[in-house]
There are 2 protein chains.
Amino acid sequence: MSLKLYELVGIDASRPFSPYCWRTRMALAHKGLSAESLPWRFTEKSALAPHGSEKVPVLLHDDKPVVDSWTIANHLEDSFPDRPSLFGGEGGRAMARFINAFGDIAIVGGIFPLIVADIPNNLAENDAAYFRKSREARFGGKSLEEVMASRDTGVVAFRKSLEVMRQTLKKQPFIGRDAPNYADYIVFGGFQWARVVSPFKLLEADDPVYAWREKLLDAFDGMARKSPGFAV
Amino acid sequence: MSLKLYELVGIDASRPFSPYCWRTRMALAHKGLSAESLPWRFTEKSALAPHGSEKVPVLLHDDKPVVDSWTIANHLEDSFPDRPSLFGGEGGRAMARFINAFGDIAIVGGIFPLIVADIPNNLAENDAAYFRKSREARFGGKSLEEVMASRDTGVVAFRKSLEVMRQTLKKQPFIGRDAPNYADYIVFGGFQWARVVSPFKLLEADDPVYAWREKLLDAFDGMARKSPGFAV
């Protein structure tokens with residue numbers, strides 16, 4: 001059995017940073033699986049084209065491509081049913097869709113303007129130019145620096161948007177309750193992305209979300225913490 | 001086996017309106033159970049005191065009180081394991097905690113300022129006075145009318161905050177995927193609360209959340225739709 005994972009990197013090939021790739025990395029670790037890392041950069045579209053994707057993560061399972069972090073999580077759950085469950089049953093799989101949307105919108109979408117101009121610092125020149133052009137278009141032509149200029153106030157709104165997480169963590173240590181599961185990895189992926197590419201402080205140290213993030217940084221023998229990143 | 005449910009009502013005892021009681025009503029129906037309704041009003045604290053609660057819902061299961069909508073859902077799931085599952089397994093039960101927090105904060109908390117001054121219209125004089133005094137204190141002394149004055153702009157932000165629901169419903173018809181489960185009832189409870197007490201239009205007819213709400217209004221032979229309320 002062979003597993004290979006295309007992961008987004010910049011100048012440093014050992015520093016994967018996509019929030020979606022981190023969801024997959026954590027999911028693989030949860031299943032006790034390891035995949036060969038295939039470093040991939042923004043401008044290397046041609047490397048993914050044969051696998052029917054333009055974006056990472058792409059998992060090659062015995063050379064068969066599985067595209068998109070959600071699809072990969074489901075594929076791992078179904079292909080390795082005897083290993084620890086990512087969803088804890090069909091109800092969890094269904095509700096994780098909702099948490100996936102929360103992860104995309106509130107976490108990745110919320111963090112993006114707070115770190116966006118730090119990202120090109122991690123990229124080679126051609127990737128940085130691609131990133132800047134495509135992302136500035138998304139922000140209606142604003143420069144990345146303009147988007148990020150208000151992050152000191154933006155981060156206050158972002159922290160407020162985490163109240164749903166905070167209320168959950170008052171009741172149980174993980175979204176998966178006693179131990180993390182894919183719901184936690186969905187949210188954590190966004191924080192790990194930020195940690196790898198930006199020194200910006202997203203969370204106050206007394207925030208229950210901070211304590212939760214610490215536990216996920218420590219999970220799987222400190223896999224996420226050992227991956228190069230900023231102290232957060 | 002006997003089930004009785006204390007439910008919040010106002011002038012009309014057949015018009016229960018608490019979002020949390022509606023979570024429980026839907027959960028009971030999902031389990032194929034019916035409970036005798038014990039109408040309860042804001043100022044009737046003494047009726048609940050013997051059951052160790054100040055708030056509804058309180059379920060009496062063979063006269064033993066079960067307090068709080070979340071605890072009741074878990075109690076029903078565990079007491080009636082052979083009936084349709086509310087959570088779809090332990091992963092769903094864990095993740096439903098997160099959705100419960102979303103329901104409390106984004107849905108109930110988001111709707112509250114949009115309908116708050118309509119609520120006393122449904123209450124007898126003493127209950128209306130209690131409601132007004134206690135809720136105005138929560139809003140730092142602002143009158144309920146002042147809080148609600150900006151609802152035409154507030155509802156735009158509320159609709160935007162439903163994007164997580166909308167993204168989920170693009171992928172599957174219910175949060176519980178093919179059929180509704182307790183995750184859906186958590187969110188629906190807030191919409192049904194609003195529908196019972198206020199004519200204010202929360203959702204545009206072309207919103208996928210509107211279509212989802214329609215399906216829940218129709219669930220269990222139209223139980224929620226048949227309960228008196230405004231056309232929404």
# chains A, B, ... in the order shown; residues from 1 in each chain; ligands from 1

$ interface_residues --of "chain B" --to "chain A" --cutoff "8 Å" --atoms "only C-alpha atoms" --output "ChimeraX atom specification"
/B:87-98,101-102,105,163-165,167-168,175-177,183

$ write_last_selection --atoms "C-alpha atoms" --output "PDB file, in the first residue's frame"
ATOM      1  CA  PHE B  87     -26.976  12.038  16.976  1.00  0.00           C
ATOM      2  CA  GLY B  88     -26.038   9.144  14.685  1.00  0.00           C
ATOM      3  CA  GLY B  89     -23.346   7.847  17.008  1.00  0.00           C
ATOM      4  CA  GLU B  90     -20.818   9.210  19.470  1.00  0.00           C
ATOM      5  CA  GLY B  91     -19.016  11.435  16.944  1.00  0.00           C
ATOM      6  CA  GLY B  92     -22.309  13.106  16.133  1.00  0.00           C
ATOM      7  CA  ARG B  93     -23.101  13.540  19.809  1.00  0.00           C
ATOM      8  CA  ALA B  94     -19.736  15.257  20.308  1.00  0.00           C
ATOM      9  CA  MET B  95     -20.027  17.512  17.253  1.00  0.00           C
ATOM     10  CA  ALA B  96     -23.623  18.392  18.097  1.00  0.00           C
ATOM     11  CA  ARG B  97     -22.162  20.221  21.107  1.00  0.00           C
ATOM     12  CA  PHE B  98     -20.430  22.549  18.679  1.00  0.00           C
ATOM     13  CA  ALA B 101     -23.087  26.503  20.655  1.00  0.00           C
ATOM     14  CA  PHE B 102     -23.654  27.781  17.102  1.00  0.00           C
ATOM     15  CA  ILE B 105     -24.774  32.198  19.713  1.00  0.00           C
ATOM     16  CA  GLU B 163     -23.183  31.276   5.359  1.00  0.00           C
ATOM     17  CA  VAL B 164     -21.933  28.202   7.238  1.00  0.00           C
ATOM     18  CA  MET B 165     -25.455  26.736   7.034  1.00  0.00           C
ATOM     19  CA  GLN B 167     -22.427  26.063   2.460  1.00  0.00           C
ATOM     20  CA  THR B 168     -23.472  22.912   4.311  1.00  0.00           C
ATOM     21  CA  ILE B 175     -27.045  19.007   8.771  1.00  0.00           C
ATOM     22  CA  GLY B 176     -27.804  15.368   9.563  1.00  0.00           C
ATOM     23  CA  ARG B 177     -27.216  14.729   5.817  1.00  0.00           C
ATOM     24  CA  ALA B 183     -28.214  19.144  14.799  1.00  0.00           C
TER      25      ALA B 183
END

$ residues_around --residues "Asp68 in chain A" --least-positions-apart "3" --cutoff "9 Å" --atoms "only C-alpha atoms" --output "VMD selection string"
chain A and resid 20 to 21 53 55 to 59 71 to 73

$ select_by_dssp --residues "range 20-229 of chain B" --states "strand (DSSP E)" --output "compact mmCIF listing (two decimals) with all heavy atoms, in the first residue's frame"
# COMPACT_ATOMS: atom_id res chain seq x y z
N GLU B 36 -46.91 15.13 27.36
CA GLU B 36 -47.96 16.05 27.78
C GLU B 36 -47.35 17.43 27.97
O GLU B 36 -46.31 17.56 28.63
CB GLU B 36 -48.57 15.54 29.09
CG GLU B 36 -49.69 16.42 29.63
CD GLU B 36 -50.10 16.03 31.06
OE1 GLU B 36 -49.82 14.86 31.47
OE2 GLU B 36 -50.67 16.88 31.74
N SER B 37 -47.97 18.44 27.39
CA SER B 37 -47.42 19.79 27.51
C SER B 37 -47.88 20.43 28.82
O SER B 37 -49.06 20.42 29.16
CB SER B 37 -47.91 20.64 26.33
OG SER B 37 -47.36 21.94 26.42
N LEU B 38 -46.92 20.96 29.56
CA LEU B 38 -47.23 21.71 30.78
C LEU B 38 -46.88 23.17 30.51
O LEU B 38 -45.70 23.54 30.61
CB LEU B 38 -46.42 21.17 31.96
CG LEU B 38 -46.57 19.68 32.29
CD1 LEU B 38 -45.60 19.25 33.39
CD2 LEU B 38 -48.01 19.37 32.71
N PRO B 39 -47.86 23.98 30.13
CA PRO B 39 -47.54 25.37 29.78
C PRO B 39 -46.94 26.09 30.97
O PRO B 39 -47.40 25.93 32.12
CB PRO B 39 -48.91 25.95 29.41
CG PRO B 39 -49.79 24.78 29.11
CD PRO B 39 -49.30 23.68 30.01
N TRP B 40 -45.91 26.88 30.71
CA TRP B 40 -45.18 27.58 31.77
C TRP B 40 -44.89 29.00 31.30
O TRP B 40 -44.59 29.21 30.14
CB TRP B 40 -43.88 26.83 32.08
CG TRP B 40 -43.02 27.49 33.11
CD1 TRP B 40 -43.10 27.34 34.46
CD2 TRP B 40 -41.95 28.42 32.88
NE1 TRP B 40 -42.17 28.12 35.08
CE2 TRP B 40 -41.44 28.79 34.14
CE3 TRP B 40 -41.37 28.98 31.73
CZ2 TRP B 40 -40.39 29.70 34.29
CZ3 TRP B 40 -40.34 29.88 31.87
CH2 TRP B 40 -39.85 30.23 33.14
N VAL B 58 -38.07 21.70 30.90
CA VAL B 58 -37.87 20.65 31.90
C VAL B 58 -38.76 19.49 31.48
O VAL B 58 -39.96 19.68 31.27
CB VAL B 58 -38.27 21.13 33.32
CG1 VAL B 58 -38.22 19.97 34.32
CG2 VAL B 58 -37.38 22.28 33.78
N LEU B 59 -38.14 18.34 31.31
CA LEU B 59 -38.89 17.13 30.97
C LEU B 59 -39.08 16.31 32.24
O LEU B 59 -38.13 16.13 33.01
CB LEU B 59 -38.11 16.31 29.93
CG LEU B 59 -38.76 15.01 29.46
CD1 LEU B 59 -39.93 15.29 28.51
CD2 LEU B 59 -37.74 14.10 28.77
N LEU B 60 -40.30 15.86 32.46
CA LEU B 60 -40.54 14.91 33.55
C LEU B 60 -40.71 13.53 32.93
O LEU B 60 -41.68 13.28 32.20
CB LEU B 60 -41.79 15.30 34.35
CG LEU B 60 -41.78 16.69 35.01
CD1 LEU B 60 -43.08 16.94 35.77
CD2 LEU B 60 -40.58 16.85 35.95
N HIS B 61 -39.75 12.69 33.16
CA HIS B 61 -39.79 11.32 32.64
C HIS B 61 -40.14 10.42 33.82
O HIS B 61 -39.32 10.24 34.72
CB HIS B 61 -38.43 10.96 32.05
CG HIS B 61 -38.40 9.60 31.39
ND1 HIS B 61 -37.29 9.10 30.78
CD2 HIS B 61 -39.37 8.65 31.24
CE1 HIS B 61 -37.55 7.89 30.30
NE2 HIS B 61 -38.80 7.61 30.57
N LYS B 64 -39.52 12.08 36.98
CA LYS B 64 -38.15 12.49 37.32
C LYS B 64 -37.74 13.64 36.39
O LYS B 64 -37.83 13.52 35.16
CB LYS B 64 -37.18 11.32 37.11
CG LYS B 64 -36.54 10.81 38.42
CD LYS B 64 -35.45 9.80 38.16
CE LYS B 64 -34.10 10.37 37.75
NZ LYS B 64 -33.09 9.33 37.47
N PRO B 65 -37.30 14.76 36.96
CA PRO B 65 -36.99 15.90 36.10
C PRO B 65 -35.67 15.74 35.34
O PRO B 65 -34.68 15.24 35.89
CB PRO B 65 -36.88 17.07 37.09
CG PRO B 65 -36.53 16.44 38.41
CD PRO B 65 -37.12 15.06 38.39
N VAL B 66 -35.70 16.16 34.09
CA VAL B 66 -34.49 16.27 33.28
C VAL B 66 -34.46 17.71 32.79
O VAL B 66 -35.40 18.17 32.13
CB VAL B 66 -34.49 15.29 32.08
CG1 VAL B 66 -33.14 15.29 31.41
CG2 VAL B 66 -34.90 13.88 32.53
N VAL B 67 -33.39 18.42 33.12
CA VAL B 67 -33.34 19.87 32.95
C VAL B 67 -32.36 20.27 31.86
O VAL B 67 -31.25 19.74 31.83
CB VAL B 67 -32.92 20.52 34.30
CG1 VAL B 67 -32.63 22.00 34.14
CG2 VAL B 67 -33.99 20.28 35.37

$ atom_distance --atom1 "CA of Pro19 in chain B" --atom2 "CA of Gly190 in chain B"
4.7 Å

$ atom_distance --atom1 "CA of Ala29 in chain B" --atom2 "CA of Arg41 in chain B"
23.0 Å

$ residues_around --residues "Ile107 in chain A" --least-positions-apart "5" --cutoff "9 Å" --atoms "only C-alpha atoms" --output "mmCIF file with C-alpha atoms, in the first residue's frame"
data_model
loop_
_atom_site.group_PDB
_atom_site.id
_atom_site.type_symbol
_atom_site.label_atom_id
_atom_site.label_comp_id
_atom_site.auth_asym_id
_atom_site.auth_seq_id
_atom_site.Cartn_x
_atom_site.Cartn_y
_atom_site.Cartn_z
ATOM 1 C CA PHE A 102 -17.198 26.745 9.626
ATOM 2 C CA PHE A 112 -6.760 35.185 5.720
ATOM 3 C CA PHE A 158 -11.779 37.204 14.609
ATOM 4 C CA SER A 161 -16.022 34.870 16.022
ATOM 5 C CA LEU A 162 -14.444 31.974 17.921
ATOM 6 C CA VAL A 187 -10.368 23.941 12.592
ATOM 7 C CA PHE A 188 -6.775 23.312 13.610
ATOM 8 C CA GLY A 189 -5.615 23.283 9.971
ATOM 9 C CA GLY A 190 -6.320 27.006 9.775
ATOM 10 C CA PHE A 191 -4.325 27.803 12.894
#

$ select_by_dssp --residues "range 101-156 of chain A" --states "helix (DSSP H, G or I)" --output "PyMOL selection string"
chain A and resi 101-122+125-138+144-148+151-156

$ atom_distance --atom1 "CA of Val196 in chain B" --atom2 "CA of Pro173 in chain B"
24.2 Å

$ residues_around --residues "range 218-225 of chain A" --least-positions-apart "2" --cutoff "8 Å" --atoms "only C-alpha atoms" --output "ChimeraX atom specification"
/A:29-30,192,214-216,227-229

$ write_last_selection --atoms "C-alpha atoms" --output "PDB file, in the first residue's frame"
ATOM      1  CA  ALA A  29      -1.769  10.679  11.577  1.00  0.00           C
ATOM      2  CA  HIS A  30      -5.099   9.953  13.309  1.00  0.00           C
ATOM      3  CA  GLN A 192      -1.399  25.686  11.782  1.00  0.00           C
ATOM      4  CA  GLU A 214      -1.608  23.695  22.225  1.00  0.00           C
ATOM      5  CA  LYS A 215      -3.013  20.198  22.636  1.00  0.00           C
ATOM      6  CA  LEU A 216      -3.284  19.761  18.893  1.00  0.00           C
ATOM      7  CA  SER A 227       6.909  21.394  11.596  1.00  0.00           C
ATOM      8  CA  PRO A 228       8.786  24.690  11.095  1.00  0.00           C
ATOM      9  CA  GLY A 229       6.736  27.741  12.043  1.00  0.00           C
TER      10      GLY A 229
END

$ residues_around --residues "range 130-133 of chain B" --least-positions-apart "5" --cutoff "9 Å" --atoms "only C-alpha atoms" --output "list in words"
Phe42, Thr43, Ala117, Ile119, Pro120, Leu123, Glu125, Arg138, Gly141, Ser143 and Leu144 of chain B

$ write_last_selection --atoms "N, CA, C and O atoms" --output "mmCIF file, in the first residue's frame"
data_model
loop_
_atom_site.group_PDB
_atom_site.id
_atom_site.type_symbol
_atom_site.label_atom_id
_atom_site.label_comp_id
_atom_site.auth_asym_id
_atom_site.auth_seq_id
_atom_site.Cartn_x
_atom_site.Cartn_y
_atom_site.Cartn_z
ATOM 1 N N PHE B 42 -43.015 32.961 32.121
ATOM 2 C CA PHE B 42 -41.766 33.512 32.678
ATOM 3 C C PHE B 42 -41.794 33.712 34.196
ATOM 4 O O PHE B 42 -40.786 33.522 34.869
ATOM 5 N N THR B 43 -42.949 34.134 34.711
ATOM 6 C CA THR B 43 -43.000 34.496 36.130
ATOM 7 C C THR B 43 -43.386 33.317 37.042
ATOM 8 O O THR B 43 -43.518 33.502 38.244
ATOM 9 N N ALA B 117 -38.537 43.193 20.647
ATOM 10 C CA ALA B 117 -39.650 44.049 21.089
ATOM 11 C C ALA B 117 -40.998 43.489 20.644
ATOM 12 O O ALA B 117 -42.051 43.983 21.074
ATOM 13 N N ILE B 119 -41.713 40.323 21.250
ATOM 14 C CA ILE B 119 -42.014 39.235 22.194
ATOM 15 C C ILE B 119 -43.058 39.641 23.240
ATOM 16 O O ILE B 119 -44.019 38.882 23.467
ATOM 17 N N PRO B 120 -42.933 40.824 23.869
ATOM 18 C CA PRO B 120 -43.936 41.172 24.897
ATOM 19 C C PRO B 120 -45.372 41.201 24.379
ATOM 20 O O PRO B 120 -46.310 41.004 25.166
ATOM 21 N N LEU B 123 -47.220 38.238 25.482
ATOM 22 C CA LEU B 123 -47.182 37.900 26.904
ATOM 23 C C LEU B 123 -48.256 38.642 27.690
ATOM 24 O O LEU B 123 -48.603 39.783 27.355
ATOM 25 N N GLU B 125 -49.566 40.717 31.023
ATOM 26 C CA GLU B 125 -48.940 41.946 31.532
ATOM 27 C C GLU B 125 -47.763 41.689 32.479
ATOM 28 O O GLU B 125 -46.695 42.282 32.325
ATOM 29 N N ARG B 138 -30.007 43.204 30.273
ATOM 30 C CA ARG B 138 -28.979 42.514 29.463
ATOM 31 C C ARG B 138 -28.410 43.414 28.373
ATOM 32 O O ARG B 138 -27.269 43.259 27.957
ATOM 33 N N GLY B 141 -29.517 48.482 29.649
ATOM 34 C CA GLY B 141 -30.514 49.508 29.954
ATOM 35 C C GLY B 141 -31.225 50.074 28.727
ATOM 36 O O GLY B 141 -32.166 50.859 28.859
ATOM 37 N N SER B 143 -33.897 50.308 25.815
ATOM 38 C CA SER B 143 -35.244 49.751 25.693
ATOM 39 C C SER B 143 -35.251 48.696 24.587
ATOM 40 O O SER B 143 -34.415 48.730 23.670
ATOM 41 N N LEU B 144 -36.186 47.757 24.672
ATOM 42 C CA LEU B 144 -36.279 46.708 23.651
ATOM 43 C C LEU B 144 -36.518 47.332 22.279
ATOM 44 O O LEU B 144 -36.018 46.837 21.264
#
